[in-house]
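Engineer: target25.cif is the file, holding mmCIF, C-alpha atoms (C1' of nucleotides):
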data_run
#
loop_
_atom_site.group_PDB
_atom_site.id
_atom_site.type_symbol
_atom_site.label_atom_id
_atom_site.label_comp_id
_atom_site.auth_asym_id
_atom_site.auth_seq_id
_atom_site.Cartn_x
_atom_site.Cartn_y
_atom_site.Cartn_z
ATOM 1 C CA MET A 28 9.767 -12.633 -17.051
ATOM 2 C CA LEU A 29 7.492 -9.884 -15.859
ATOM 3 C CA ASN A 30 8.710 -7.114 -13.638
ATOM 4 C CA VAL A 31 8.134 -7.618 -9.959
ATOM 5 C CA TYR A 32 7.549 -4.554 -7.850
ATOM 6 C CA LYS A 33 7.036 -3.866 -4.230
ATOM 7 C CA MET A 34 4.430 -1.189 -3.759
ATOM 8 C CA PRO A 35 3.300 -0.772 -7.315
ATOM 9 C CA GLU A 36 1.836 2.630 -8.105
ATOM 10 C CA LEU A 37 0.658 4.030 -11.417
ATOM 11 C CA PRO A 38 3.971 3.747 -13.328
ATOM 12 C CA GLU A 39 4.658 0.222 -12.094
ATOM 13 C CA VAL A 40 1.129 -0.980 -12.786
ATOM 14 C CA GLU A 41 1.258 0.624 -16.236
ATOM 15 C CA THR A 42 4.486 -1.263 -16.931
ATOM 16 C CA ILE A 43 3.024 -4.552 -15.754
ATOM 17 C CA VAL A 44 -0.057 -3.974 -17.906
ATOM 18 C CA ARG A 45 2.073 -3.415 -21.010
ATOM 19 C CA GLN A 46 4.119 -6.537 -20.333
ATOM 20 C CA LEU A 47 1.050 -8.622 -19.595
ATOM 21 C CA SER A 48 -0.662 -7.309 -22.663
ATOM 22 C CA ASN A 49 2.202 -8.464 -24.871
ATOM 23 C CA ARG A 50 1.975 -11.967 -23.501
ATOM 24 C CA ILE A 51 -1.626 -12.837 -22.838
ATOM 25 C CA VAL A 52 -3.941 -10.820 -25.077
ATOM 26 C CA GLY A 53 -5.748 -13.157 -27.442
ATOM 27 C CA LYS A 54 -4.974 -16.221 -25.368
ATOM 28 C CA VAL A 55 -7.611 -18.608 -24.097
ATOM 29 C CA VAL A 56 -7.664 -19.740 -20.479
ATOM 30 C CA ARG A 57 -8.674 -23.369 -20.397
ATOM 31 C CA ASP A 58 -8.137 -24.051 -16.700
ATOM 32 C CA VAL A 59 -7.731 -22.118 -13.476
ATOM 33 C CA ASN A 60 -6.178 -23.227 -10.179
ATOM 34 C CA ILE A 61 -7.146 -21.232 -7.146
ATOM 35 C CA SER A 62 -5.215 -21.999 -3.989
ATOM 36 C CA ASP A 63 -6.481 -19.073 -1.933
ATOM 37 C CA SER A 64 -10.069 -18.110 -2.569
ATOM 38 C CA LYS A 65 -9.783 -15.076 -0.338
ATOM 39 C CA VAL A 66 -7.410 -13.590 -2.894
ATOM 40 C CA VAL A 67 -8.658 -14.999 -6.187
ATOM 41 C CA ASP A 68 -12.397 -15.045 -6.931
ATOM 42 C CA LEU A 69 -13.644 -18.643 -7.098
ATOM 43 C CA GLY A 70 -16.230 -17.586 -9.659
ATOM 44 C CA ILE A 71 -13.478 -17.471 -12.263
ATOM 45 C CA LYS A 72 -13.535 -21.271 -12.385
ATOM 46 C CA GLU A 73 -17.192 -21.155 -13.414
ATOM 47 C CA ILE A 74 -16.590 -19.225 -16.621
ATOM 48 C CA ILE A 75 -13.769 -21.197 -18.245
ATOM 49 C CA PRO A 76 -12.864 -21.326 -21.010
ATOM 50 C CA PHE A 77 -12.523 -17.625 -21.758
ATOM 51 C CA LYS A 78 -10.378 -15.482 -23.968
ATOM 52 C CA ILE A 79 -8.505 -12.376 -22.846
ATOM 53 C CA ASN A 80 -9.424 -9.607 -25.238
ATOM 54 C CA LYS A 81 -7.622 -6.708 -23.669
ATOM 55 C CA VAL A 82 -5.445 -5.712 -20.702
ATOM 56 C CA TYR A 83 -5.509 -2.160 -19.438
ATOM 57 C CA ARG A 84 -4.942 -0.042 -16.341
ATOM 58 C CA ARG A 85 -7.272 2.113 -14.281
ATOM 59 C CA ALA A 86 -5.668 3.812 -11.270
ATOM 60 C CA LYS A 87 -3.518 1.098 -9.678
ATOM 61 C CA SER A 88 -5.725 -1.721 -10.911
ATOM 62 C CA ILE A 89 -5.100 -4.135 -13.754
ATOM 63 C CA VAL A 90 -8.143 -4.971 -15.836
ATOM 64 C CA MET A 91 -8.343 -8.017 -18.077
ATOM 65 C CA GLU A 92 -11.298 -7.720 -20.372
ATOM 66 C CA LEU A 93 -12.679 -11.114 -21.325
ATOM 67 C CA ASP A 94 -14.641 -12.262 -24.361
ATOM 68 C CA ASN A 95 -17.732 -13.073 -22.293
ATOM 69 C CA GLY A 96 -18.585 -9.569 -21.104
ATOM 70 C CA ASN A 97 -16.815 -9.977 -17.779
ATOM 71 C CA SER A 98 -13.557 -8.523 -16.555
ATOM 72 C CA LEU A 99 -10.928 -9.626 -14.083
ATOM 73 C CA LEU A 100 -10.008 -6.725 -11.823
ATOM 74 C CA THR A 101 -6.665 -7.152 -10.072
ATOM 75 C CA HIS A 102 -5.259 -4.969 -7.368
ATOM 76 C CA LEU A 103 -1.719 -5.882 -6.366
ATOM 77 C CA ARG A 104 -1.675 -3.701 -3.263
ATOM 78 C CA MET A 105 1.891 -3.853 -1.960
ATOM 79 C CA THR A 106 3.062 -7.371 -2.524
ATOM 80 C CA GLY A 107 0.977 -8.932 -5.278
ATOM 81 C CA HIS A 108 2.811 -10.171 -8.372
ATOM 82 C CA PHE A 109 2.143 -11.775 -11.717
ATOM 83 C CA HIS A 110 4.533 -14.312 -13.174
ATOM 84 C CA TYR A 111 4.431 -15.734 -16.660
ATOM 85 C CA ASN A 112 5.640 -19.285 -17.162
ATOM 86 C CA ASN A 113 7.602 -19.305 -13.916
ATOM 87 C CA SER A 114 5.884 -19.102 -10.583
ATOM 88 C CA GLU A 115 7.508 -18.595 -7.216
ATOM 89 C CA ASN A 116 6.460 -18.647 -3.591
ATOM 90 C CA PHE A 117 3.068 -17.493 -2.379
ATOM 91 C CA GLU A 118 1.181 -18.578 -5.460
ATOM 92 C CA VAL A 119 -2.535 -17.999 -4.929
ATOM 93 C CA GLY A 120 -3.859 -18.587 -8.423
ATOM 94 C CA ARG A 121 -2.830 -19.938 -11.811
ATOM 95 C CA PHE A 122 -4.281 -19.417 -15.273
ATOM 96 C CA ASN A 123 -3.425 -22.173 -17.727
ATOM 97 C CA PHE A 124 -3.649 -21.149 -21.362
ATOM 98 C CA GLU A 125 -4.590 -23.313 -24.281
ATOM 99 C CA ASP A 126 -1.085 -23.012 -25.738
ATOM 100 C CA GLY A 127 0.466 -24.561 -22.627
ATOM 101 C CA SER A 128 1.792 -21.327 -21.116
ATOM 102 C CA PHE A 129 0.549 -20.087 -17.765
ATOM 103 C CA LEU A 130 0.175 -16.959 -15.682
ATOM 104 C CA THR A 131 0.333 -17.066 -11.900
ATOM 105 C CA HIS A 132 -0.747 -14.579 -9.313
ATOM 106 C CA ASN A 133 1.511 -14.548 -6.268
ATOM 107 C CA SER A 134 0.712 -12.611 -3.145
ATOM 108 C CA ILE A 135 2.774 -12.381 0.010
ATOM 109 C CA ARG A 136 0.511 -10.341 2.253
ATOM 110 C CA LYS A 137 -2.694 -11.194 0.430
ATOM 111 C CA PHE A 138 -3.980 -7.647 0.660
ATOM 112 C CA GLY A 139 -5.018 -7.401 -2.932
ATOM 113 C CA GLY A 140 -6.619 -9.936 -5.212
ATOM 114 C CA ILE A 141 -8.399 -10.798 -8.436
ATOM 115 C CA ARG A 142 -12.134 -10.219 -8.692
ATOM 116 C CA LEU A 143 -14.536 -11.249 -11.409
ATOM 117 C CA LEU A 144 -16.878 -8.427 -12.364
ATOM 118 C CA ASN A 145 -19.505 -7.892 -15.031
ATOM 119 C CA SER A 146 -19.544 -4.634 -16.931
ATOM 120 C CA ASN A 147 -21.992 -2.964 -14.556
ATOM 121 C CA GLU A 148 -19.974 -3.918 -11.509
ATOM 122 C CA LEU A 149 -16.795 -2.746 -13.194
ATOM 123 C CA ARG A 150 -18.359 0.595 -14.076
ATOM 124 C CA LYS A 151 -19.416 0.958 -10.456
ATOM 125 C CA GLU A 152 -15.858 0.309 -9.262
ATOM 126 C CA PHE A 153 -14.458 2.829 -11.707
ATOM 127 C CA SER A 154 -16.950 5.454 -10.618
ATOM 128 C CA LYS A 155 -15.302 5.502 -7.192
ATOM 129 C CA LEU A 156 -12.020 6.603 -8.724
ATOM 130 C CA GLY A 157 -10.809 10.102 -9.431
ATOM 131 C CA VAL A 158 -9.104 11.552 -12.474
ATOM 132 C CA GLU A 159 -6.185 9.785 -14.164
ATOM 133 C CA PRO A 160 -3.214 12.111 -13.661
ATOM 134 C CA LEU A 161 -1.678 11.255 -17.041
ATOM 135 C CA SER A 162 -4.917 11.822 -18.942
ATOM 136 C CA LYS A 163 -5.958 14.980 -20.771
ATOM 137 C CA ASP A 164 -8.663 15.438 -18.143
ATOM 138 C CA PHE A 165 -6.083 16.266 -15.504
ATOM 139 C CA THR A 166 -5.854 19.966 -16.247
ATOM 140 C CA LEU A 167 -4.716 22.642 -13.825
ATOM 141 C CA GLU A 168 -8.347 23.767 -13.620
ATOM 142 C CA LYS A 169 -9.444 20.254 -12.717
ATOM 143 C CA PHE A 170 -6.688 20.016 -10.098
ATOM 144 C CA ASN A 171 -7.740 23.351 -8.631
ATOM 145 C CA SER A 172 -11.361 22.260 -8.396
ATOM 146 C CA ILE A 173 -10.325 19.121 -6.507
ATOM 147 C CA LEU A 174 -8.192 21.170 -4.127
ATOM 148 C CA LEU A 175 -10.981 23.639 -3.546
ATOM 149 C CA ARG A 176 -13.352 20.826 -2.647
ATOM 150 C CA LYS A 177 -10.791 19.222 -0.329
ATOM 151 C CA ASN A 178 -9.108 22.310 1.032
ATOM 152 C CA LYS A 179 -9.190 21.062 4.617
ATOM 153 C CA SER A 180 -7.232 17.927 3.787
ATOM 154 C CA ASN A 181 -3.551 17.512 4.241
ATOM 155 C CA ILE A 182 -1.855 18.016 0.875
ATOM 156 C CA LYS A 183 -0.066 14.679 0.878
ATOM 157 C CA THR A 184 -3.133 12.764 2.064
ATOM 158 C CA LEU A 185 -5.040 14.337 -0.804
ATOM 159 C CA LEU A 186 -2.495 13.098 -3.352
ATOM 160 C CA LEU A 187 -3.046 9.592 -1.990
ATOM 161 C CA ASP A 188 -6.840 9.872 -2.135
ATOM 162 C CA GLN A 189 -7.785 7.590 -5.027
ATOM 163 C CA SER A 190 -11.287 8.995 -5.179
ATOM 164 C CA GLN A 191 -9.817 12.347 -6.189
ATOM 165 C CA ILE A 192 -6.665 11.571 -8.184
ATOM 166 C CA ALA A 193 -6.142 7.926 -9.098
ATOM 167 C CA GLY A 194 -2.776 6.224 -9.211
ATOM 168 C CA ILE A 195 -0.415 8.136 -6.949
ATOM 169 C CA GLY A 196 0.920 6.175 -3.966
ATOM 170 C CA ASN A 197 3.181 6.837 -1.045
ATOM 171 C CA ILE A 198 6.446 6.938 -2.982
ATOM 172 C CA TYR A 199 5.445 9.254 -5.823
ATOM 173 C CA SER A 200 3.498 11.570 -3.529
ATOM 174 C CA GLN A 201 6.705 12.249 -1.612
ATOM 175 C CA GLU A 202 8.668 12.733 -4.804
ATOM 176 C CA VAL A 203 6.286 15.239 -6.400
ATOM 177 C CA LEU A 204 5.998 17.258 -3.196
ATOM 178 C CA TYR A 205 9.765 17.591 -3.103
ATOM 179 C CA PHE A 206 9.979 18.806 -6.696
ATOM 180 C CA ALA A 207 7.134 21.237 -6.070
ATOM 181 C CA GLY A 208 8.895 22.536 -2.942
ATOM 182 C CA ILE A 209 5.884 21.910 -0.723
ATOM 183 C CA ASP A 210 6.051 20.919 2.949
ATOM 184 C CA PRO A 211 4.017 17.684 3.146
ATOM 185 C CA ARG A 212 2.590 18.681 6.519
ATOM 186 C CA LYS A 213 0.644 21.543 4.963
ATOM 187 C CA LYS A 214 -3.079 21.646 4.522
ATOM 188 C CA VAL A 215 -4.321 22.201 0.990
ATOM 189 C CA SER A 216 -5.541 25.677 1.936
ATOM 190 C CA GLU A 217 -2.029 26.628 3.053
ATOM 191 C CA VAL A 218 -0.413 25.941 -0.321
ATOM 192 C CA SER A 219 0.008 28.961 -2.592
ATOM 193 C CA GLY A 220 -1.322 29.105 -6.135
ATOM 194 C CA ILE A 221 2.198 29.158 -7.543
ATOM 195 C CA HIS A 222 3.045 25.973 -5.666
ATOM 196 C CA ILE A 223 -0.191 24.321 -6.793
ATOM 197 C CA LYS A 224 0.683 25.042 -10.387
ATOM 198 C CA LYS A 225 4.145 23.603 -9.887
ATOM 199 C CA LEU A 226 2.723 20.547 -8.135
ATOM 200 C CA HIS A 227 0.326 19.912 -10.997
ATOM 201 C CA SER A 228 3.095 19.956 -13.580
ATOM 202 C CA GLU A 229 5.443 17.883 -11.401
ATOM 203 C CA ILE A 230 2.804 15.169 -10.932
ATOM 204 C CA ILE A 231 2.599 14.804 -14.693
ATOM 205 C CA ARG A 232 6.348 15.102 -15.278
ATOM 206 C CA VAL A 233 7.368 12.616 -12.569
ATOM 207 C CA LEU A 234 4.735 9.991 -13.393
ATOM 208 C CA ASP A 235 5.448 10.261 -17.090
ATOM 209 C CA LEU A 236 9.184 9.911 -16.561
ATOM 210 C CA ALA A 237 8.602 6.979 -14.220
ATOM 211 C CA VAL A 238 6.454 5.225 -16.829
ATOM 212 C CA LYS A 239 9.216 5.789 -19.396
ATOM 213 C CA ASN A 240 11.623 4.199 -16.896
ATOM 214 C CA LYS A 241 9.304 1.233 -16.408
ATOM 215 C CA GLY A 242 8.648 2.265 -12.824
ATOM 216 C CA SER A 243 10.766 2.009 -9.709
ATOM 217 C CA THR A 244 12.218 -1.256 -8.542
ATOM 218 C CA VAL A 245 12.744 -0.907 -4.834
ATOM 219 C CA ASP A 246 13.808 -3.485 -2.270
ATOM 220 C CA ASN A 247 15.400 -6.746 -3.296
ATOM 221 C CA TYR A 248 13.876 -7.301 -6.708
ATOM 222 C CA THR A 249 16.452 -5.314 -8.623
ATOM 223 C CA ASN A 250 18.101 -8.229 -10.362
ATOM 224 C CA ILE A 251 15.091 -9.318 -12.271
ATOM 225 C CA ASP A 252 15.441 -9.029 -16.001
ATOM 226 C CA GLY A 253 13.799 -5.907 -17.352
ATOM 227 C CA ALA A 254 13.375 -4.225 -13.993
ATOM 228 C CA GLY A 255 12.404 -0.585 -13.834
ATOM 229 C CA SER A 256 14.938 2.170 -13.390
ATOM 230 C CA TYR A 257 13.087 5.126 -11.902
ATOM 231 C CA GLN A 258 14.537 4.271 -8.482
ATOM 232 C CA ASP A 259 17.675 6.007 -9.772
ATOM 233 C CA HIS A 260 15.643 9.204 -10.054
ATOM 234 C CA LEU A 261 14.085 9.127 -6.591
ATOM 235 C CA VAL A 262 15.080 12.162 -4.541
ATOM 236 C CA VAL A 263 13.474 11.780 -1.105
ATOM 237 C CA TYR A 264 11.949 8.332 -0.721
ATOM 238 C CA ASN A 265 14.300 6.230 1.417
ATOM 239 C CA LYS A 266 17.022 8.869 1.090
ATOM 240 C CA PHE A 267 19.244 10.385 3.750
ATOM 241 C CA GLN A 268 19.795 13.605 1.888
ATOM 242 C CA CYS A 269 18.098 15.564 -0.876
ATOM 243 C CA PRO A 270 19.778 16.476 -4.213
ATOM 244 C CA LYS A 271 21.036 19.677 -2.581
ATOM 245 C CA ALA A 272 22.671 17.634 0.183
ATOM 246 C CA HIS A 273 20.272 18.727 2.914
ATOM 247 C CA LYS A 274 19.331 16.187 5.547
ATOM 248 C CA ILE A 275 16.034 14.411 4.866
ATOM 249 C CA GLN A 276 13.484 14.317 7.666
ATOM 250 C CA LYS A 277 11.256 11.313 8.123
ATOM 251 C CA ILE A 278 7.859 11.847 9.719
ATOM 252 C CA ASN A 279 4.429 10.237 9.801
ATOM 253 C CA ILE A 280 1.470 11.746 7.984
ATOM 254 C CA GLY A 281 -1.876 9.996 8.117
ATOM 255 C CA GLY A 282 -0.188 6.813 9.248
ATOM 256 C CA ARG A 283 2.295 6.799 6.369
ATOM 257 C CA GLY A 284 6.025 7.214 6.435
ATOM 258 C CA THR A 285 6.887 10.513 4.805
ATOM 259 C CA SER A 286 10.343 11.741 3.868
ATOM 260 C CA TYR A 287 10.913 15.375 3.001
ATOM 261 C CA CYS A 288 13.540 18.082 2.987
ATOM 262 C CA PRO A 289 12.786 20.796 5.565
ATOM 263 C CA THR A 290 15.025 23.202 3.662
ATOM 264 C CA CYS A 291 13.689 22.723 0.140
ATOM 265 C CA GLN A 292 10.065 22.122 1.093
ATOM 266 C CA ARG A 293 8.212 24.954 2.777
ATOM 267 C "C1'" DA B 10 -20.453 14.975 5.389
ATOM 268 C "C1'" DA B 11 -16.098 14.117 5.674
ATOM 269 C "C1'" DG B 12 -11.893 13.304 8.122
ATOM 270 C "C1'" DG B 13 -9.256 9.935 11.065
ATOM 271 C "C1'" DC B 14 -7.724 5.603 11.920
ATOM 272 C "C1'" DA B 15 -7.698 0.437 13.044
ATOM 273 C "C1'" DG B 16 -7.338 -3.708 10.643
ATOM 274 C "C1'" DC B 17 -6.045 -6.718 7.045
ATOM 275 C "C1'" DC B 18 -1.133 -9.800 6.432
ATOM 276 C "C1'" DT B 19 3.554 -11.358 6.656
ATOM 277 C "C1'" DG B 20 8.529 -10.599 5.668
ATOM 278 C "C1'" DT B 21 12.292 -7.943 7.229
ATOM 279 C "C1'" DA B 22 14.821 -5.150 10.351
ATOM 280 C "C1'" DA B 23 15.725 -3.478 14.700
ATOM 281 C "C1'" DG B 24 15.924 -4.176 19.644
ATOM 282 C "C1'" DC B 25 17.017 -6.704 23.735
ATOM 283 C "C1'" DT C 13 22.559 -15.833 19.232
ATOM 284 C "C1'" DG C 14 17.667 -16.244 19.363
ATOM 285 C "C1'" DC C 15 13.545 -14.390 20.506
ATOM 286 C "C1'" DT C 16 10.244 -10.409 20.419
ATOM 287 C "C1'" DT C 17 8.513 -6.300 18.657
ATOM 288 C "C1'" DA C 18 7.905 -2.648 15.291
ATOM 289 C "C1'" DC C 19 7.282 -1.368 10.852
ATOM 290 C "C1'" DA C 20 6.001 -1.247 5.988
ATOM 291 C "C1'" DG C 21 2.102 -0.296 2.776
ATOM 292 C "C1'" DG C 22 -3.175 0.596 -0.056
ATOM 293 C "C1'" DC C 23 -7.510 0.472 0.825
ATOM 294 C "C1'" DT C 24 -12.058 -0.597 3.301
ATOM 295 C "C1'" DG C 25 -15.125 0.197 6.767
ATOM 296 C "C1'" DC C 26 -16.229 1.868 11.042
ATOM 297 C "C1'" DC C 27 -16.344 5.745 14.264
ATOM 298 C "C1'" DT C 28 -16.810 10.353 15.343
#
Let's see the structure in the file written out as structure tokens.
Structural biologist:
Amino acid sequence: MLNVYKMPELPEVETIVRQLSNRIVGKVVRDVNISDSKVVDLGIKEIIPFKINKVYRRAKSIVMELDNGNSLLTHLRMTGHFHYNNSENFEVGRFNFEDGSFLTHNSIRKFGGIRLLNSNELRKEFSKLGVEPLSKDFTLEKFNSILLRKNKSNIKTLLLDQSQIAGIGNIYSQEVLYFAGIDPRKKVSEVSGIHIKKLHSEIIRVLDLAVKNKGSTVDNYTNIDGAGSYQDHLVVYNKFQCPKAHKIQKINIGGRGTSYCPTCQR
DNA sequence: AAGGCAGCCTGTAAGC
DNA sequence: TGCTTACAGGCTGCCT
């Protein structure tokens, strides 16, 4: 059973990629069922059979590299899932492997989907994305240069901007801002250098710890075998009080629910 | 140019 | 109790 997450961000997608990789790399897809062509690219049917050479993550996307030069690019958005050998409701596509096993893609809100891309198209997609926060490229200098370029943005909105930093979503942006002690309503230009430095290191620390915990399992998926455990480490998301027992405030920033502690975050 | 925001979609929770 | 409405969320594309 693969983990099922609501709102998968970098740590959750990374976990799914590792689990998928263990199960499907090297396998040959001999047949594909597509029950919703708005979500799963019909072109995939045209290229069977194909072998899955590699599964990896870029930002919040799952990439399956095939043996024919193409790749399947999956974005789960909030409610997309993969299931191996046991589907459930909202199945939109199914990959049948030569060995009799199968992988399904299930999508409740159908926001995301699976696209078939050649290497040029894939490169073009990747070029829209910013730095990977857990890569060596994400230095404090790099972070500062991004902030300088986007200094009129709201600090939280910037963390969510995939073209600048790729992989952080609404949950982890709130978490890192709490640990860095930054008021999420602030503009980038209003955040001090000391806080920026702290934010940079907290982004890395929190995401890394969340990956080690196999992500956060929020909502009603907690009983699934092998679920993530970072939800036990969350400090502001969906909380009534912060670790110092201050009351959490919930506001809206850029159309997104945002929880923060007015005492700890200034 | 770049920031802001509606729209996509549907299950769940809150409101009456 | 049963219906209606609001909300959740990532990302694209349009508007300013």
Engineer: Determine, for each residue of region 132-250 of chain A having at least one atom at most 10 Å from an atom of region 15-24 of chain C, the closest pair of atoms and their separation in Å to one decimal, counting all atoms listed in the file; order by chain and ascending number, as CSV.
Structural biologist:
residue,atom,partner,partner_atom,distance
A:Phe138,CA,C:DG22,C1',8.3
A:Gly139,CA,C:DG22,C1',8.7
A:Leu187,CA,C:DG22,C1',9.2
A:Asp188,CA,C:DC23,C1',9.9
A:Gln189,CA,C:DC23,C1',9.2
A:Gly196,CA,C:DG22,C1',7.9
A:Asn197,CA,C:DG21,C1',8.2
Engineer: What is the CA of Arg293 (chain A)-CA of Tyr264 (chain A) distance in Å, reported with one decimal?
Structural biologist: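 Distance between the two atoms: 17.4 Å.
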Engineer: Could you work out how far CA of Met34 (chain A) lies from CA of Val245 (chain A), giving the answer in Å with one decimal?
Structural biologist: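 That distance, rounded to one decimal, is 8.4 Å.
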Engineer: List the neighbours of region 108-124 of chain A out to 8 Å using all atoms listed in the file; skip same-chain residues closer than 2 positions along the sequence, and give me the result as number ranges by chain.
Structural biologist: A: 28-29, 31-32, 54-64, 66-67, 103, 106, 126-135
Engineer: One decimal, Å: what's the distance from CA of Gln268 (chain A) over to CA of Arg104 (chain A), could you say?
Structural biologist: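 Separation of CA of Gln268 (chain A) and CA of Arg104 (chain A): 28.1 Å.
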Engineer: Contacts from chain A to chain B, 10 Å maximum, only C-alpha atoms (C1' of nucleotides): show me the residue list as a list of chain:residue names.
Structural biologist: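 Only these qualify: A:Ile135, A:Arg136, A:Lys137, A:Phe138, A:Lys177, A:Lys179, A:Ser180, A:Gly281, A:Gly282.
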Engineer: Name the residues that the PyMOL selection byres ((chain A and resi 145) around 9) picks from the file above, as a list of chain:residue names, using the file's chain letters and numbers.
Structural biologist: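 Written out, the selection comes to A:Gly96, A:Asn97, A:Ser98, A:Leu99, A:Leu143, A:Leu144, A:Ser146, A:Asn147, A:Glu148, A:Leu149, A:Arg150.
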Engineer: Could you list the residues chosen by the PyMOL selection byres ((chain A and resi 206) around 9) in this structure as a list in words?
Structural biologist: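 After applying the PyMOL selection byres ((chain A and resi 206) around 9), what remains is Gln201, Glu202, Val203, Leu204, Tyr205, Ala207, Gly208, Ile209, Lys225, Leu226, Glu229, Val233, Val262, Cys291 and Gln292 of chain A.
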Engineer: From the set A:Ile198, A:Leu47, A:Leu167, A:Ile74, which residue has the shortest atom-to-atom contact distance to chain C, counting all atoms listed in the file?
Structural biologist: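 Ranking A:Ile198, A:Leu47, A:Leu167, A:Ile74 by distance to chain C, first place goes to A:Ile198.
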Engineer: Can you list what the PyMOL selection byres ((chain A and resi 241) around 7) grabs from this structure, as an mmCIF file with C-alpha atoms, in the frame of the given file?
Structural biologist:
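Written output follows (part-v1.cif):
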data_model
loop_
_atom_site.group_PDB
_atom_site.id
_atom_site.type_symbol
_atom_site.label_atom_id
_atom_site.label_comp_id
_atom_site.auth_asym_id
_atom_site.auth_seq_id
_atom_site.Cartn_x
_atom_site.Cartn_y
_atom_site.Cartn_z
ATOM 1 C CA PRO A 38 3.971 3.747 -13.328
ATOM 2 C CA GLU A 39 4.658 0.222 -12.094
ATOM 3 C CA THR A 42 4.486 -1.263 -16.931
ATOM 4 C CA ALA A 237 8.602 6.979 -14.220
ATOM 5 C CA VAL A 238 6.454 5.225 -16.829
ATOM 6 C CA LYS A 239 9.216 5.789 -19.396
ATOM 7 C CA ASN A 240 11.623 4.199 -16.896
ATOM 8 C CA GLY A 242 8.648 2.265 -12.824
ATOM 9 C CA SER A 243 10.766 2.009 -9.709
ATOM 10 C CA GLY A 255 12.404 -0.585 -13.834
ATOM 11 C CA SER A 256 14.938 2.170 -13.390
#
Engineer: If the box runs along x, y and z of the file and leaves 6 Å on each side of region 215-222 of chain A, what are its centre and edge lengths in Å, one decimal, as AutoDock Vina command-line options?
Structural biologist:
--center_x -1.2 --center_y 25.7 --center_z -2.2 --size_x 20.6 --size_y 19.0 --size_z 22.6
Engineer: Please provide the set of residues having any atom within 8 Å of Ile280 (chain A), restricted to all atoms listed in the file, with same-chain residues fewer than 2 positions apart removed, written as number ranges by chain.
Structural biologist: A: 183-184, 212, 278, 282-285
Engineer: Keeping C-alpha atoms, export the residues of the selection given above as a short mmCIF file (atom, residue, chain, number, x, y, z; two decimals), keeping the file's coordinate frame.
Structural biologist:
data_model
loop_
_atom_site.label_atom_id
_atom_site.label_comp_id
_atom_site.auth_asym_id
_atom_site.auth_seq_id
_atom_site.Cartn_x
_atom_site.Cartn_y
_atom_site.Cartn_z
CA LYS A 183 -0.07 14.68 0.88
CA THR A 184 -3.13 12.76 2.06
CA ARG A 212 2.59 18.68 6.52
CA ILE A 278 7.86 11.85 9.72
CA GLY A 282 -0.19 6.81 9.25
CA ARG A 283 2.30 6.80 6.37
CA GLY A 284 6.02 7.21 6.44
CA THR A 285 6.89 10.51 4.80
#
